[in-house]
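These notes are about the structure you will find just below.
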Amino acid sequence: MKTIVILLLPVFIFLNISIKAQVAINTDGSAPDNSAMLDVKSTAKGVLITRLTQTQIEAITSPANGLVVFCTNDGKFYAFRQNDNEWKEIAFGTGTISPPCGTPVYDSRDGKSYNTVLIGTQCWMAENLNIGTMINGSSNQTDNSTIEKYCYDNNTSNCDTYGGLYQWDEMMQYTTQQGTQGICPSGWHIPTDDEWITLTNFLGGVLIAGGKMKETGTTHWSSPNTGATNESGFTALPGGYRSYASGSFYTLGLYGFFWSSSEHSDSYAMSRRLRHNSADVYRFYYNTGNGYSVRCLKN
C-alpha cells in the first residue's frame, strides 16, 4: 500500500488534488469547501456521470442505494433506490440553456448532428436535413407516424451527401401552421416565407444572395457555379428534386430547392431555388407533392 501511495503522489500533485479527508479537483490549487467531501471547480469544463447502456445498468450487481448513472439509450439520469429495488429516473426541469449558434445541433431521434451558422440575427442549419426512412420515389409519403424521405435516385448515399427530399405535407407533419417544427429537431422549425426573405435581404437581395449561400467549387455544383462564395456559411447544395407528376428525380448538381412552411394556395407552397449558372435566389410556389430539401431555423 505504501508503494502505491508513493507512486500515485506525483500524479495527485500534478492534478492539484488535495489529499485530505476532503478532496478538491481544480486547476488553481484551492482547498475544498468545508461543506464538501468532493469539490470540483472549473471555469471551462463540467462533470460526466458514468454513461451506460440500459443492459449495462441492469447488469450492475447489488447497486448501492443512491447510485447515479446516465443511460445512453434514452438520454436520462437514473438513481438506484433500495426501498423500491429499482432504478428511478431523475426528472429534468423546464429550464434550458441553448448552446450558441455555430455549435452543431444533435438530433436525438437518430443520432445525427448538423452544423449551424449565424446569418444576421438568424441561426440556420448549415446542412440539409436528413431524417427518416427512405421510401421509393414512385410512392407518396404518408401520414403514418414514421418520417419518410426520398433519396435522389433511390440511393441512400445521396441522402448522406445532400440530405433527404420531402413532400411538403410530410415535412410539415400534416399541419398548415407557418413556422411549425415539422420534421425539424426540438428547438428548430421550418422557416416561413418571410424568414427566407429576411435571409436573402440580409445577403443583399435575391439577385446576389444565392451566390453567397452556395457551396463553392464544383465538387457538388455543376460548372460554372456562378457567383458562389458561400460567404454566409449557408453551404447550399444542389440536391435536385423528386417530381410529384412522375415520381422521378431531376437536376442533381444543377439546382437546389428548399421548402418554406408558407402555403400559397391549395396544393402549392412557397419555396426557394438556387442554380448552378446564376447567383440569384428564385422565390416561387411549387406543387406540394414535389420532394425538396429542408433547412431548419432555430426558434
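Letters A, B, ... mark the chains of the C-alpha cells in the order given; residue numbers begin at 1 per chain; ligand numbers begin at 1, in order shown.
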
Near stretch 109-120 of chain A, 10 Å: stretch 129-185 of chain A residue rows, closest pairs, only C-alpha atoms, as JSON lines:
```
{"residue": "A:Leu129", "atom": "CA", "partner": "A:Tyr114", "partner_atom": "CA", "distance": 7.9}
{"residue": "A:Asn130", "atom": "CA", "partner": "A:Lys112", "partner_atom": "CA", "distance": 8.3}
{"residue": "A:Ile131", "atom": "CA", "partner": "A:Asp110", "partner_atom": "CA", "distance": 7.4}
{"residue": "A:Gly132", "atom": "CA", "partner": "A:Asp110", "partner_atom": "CA", "distance": 8.4}
{"residue": "A:Pro185", "atom": "CA", "partner": "A:Arg109", "partner_atom": "CA", "distance": 8.0}
```

What gap, in Å, lies between atom CA of A:Ser248 and atom CA of A:Ser139?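 Result for atom CA of A:Ser248 versus atom CA of A:Ser139: 10.1 Å, one decimal.
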
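Atom CA of A:Glu231 sits 29.3 Å away from atom CA of A:Tyr150.
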
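Interatomic distance, atom CA of A:Gly179 against atom CA of A:Asn128: 17.2 Å.
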
For A:Tyr282, the nearest of the candidates A:Asn34, A:Tyr250, A:Glu215, A:Tyr255, counting only C-alpha atoms: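 Comparing A:Asn34, A:Tyr250, A:Glu215, A:Tyr255 against A:Tyr282, the winner is A:Tyr255.
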
Could you write out, as an MDAnalysis selection string, all the residues of stretch 85-136 of chain A that DSSP marks as strand (DSSP E)? chainID A and resid 86:90 105:106 113:114 116:119 122:125 133:134

I want to know what sits within 12 Å of stretch 275-278 of chain A, based on only C-alpha atoms, with residues of the same chain fewer than 4 positions away left out; could you give that as a PyMOL selection string? chain A and resi 206-228+236-240+251-258+282

Between A:Ser186, A:Asn158, A:Gln122, A:Asn201, which residue has the minimum interatomic distance to A:Ser293, considering only C-alpha atoms?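 Smallest separation from A:Ser293 among the options: A:Asn158.
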
Please provide the set of residues having any atom within 8 Å of A:Leu165, restricted to only C-alpha atoms, with same-chain residues fewer than 6 positions apart removed, written as a list in words. Lys149, Tyr150, Cys151, Tyr152, Tyr241, Arg242, Gly291, Tyr292, Ser293 and Val294 of chain A

May I have all residues of stretch 4-186 of chain A that DSSP, computed from the backbone, assigns to alpha helix (DSSP H), given as number ranges by chain? A: 4-14, 54-58, 156-162, 168-172

Calculated over only C-alpha atoms, which of the candidates A:Tyr106, A:Trp196, A:Trp87, A:Phe234 has the smallest distance to A:Cys71?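 That would be A:Trp87, the residue with the smallest distance to A:Cys71.
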
Nearest to A:Cys184, restricted to only C-alpha atoms and choosing among A:Met125, A:Met270, A:Ala21, A:Ile135, comes out as A:Met125

Report as JSON, numbers by chain all protein, DNA and RNA residues lying within 9 Å of A:Asp193, evaluated on only C-alpha atoms, omitting residues in the same chain fewer than 5 positions from it. {"A": [178, 198, 259, 260, 261, 262, 263, 270, 271, 272, 283]}
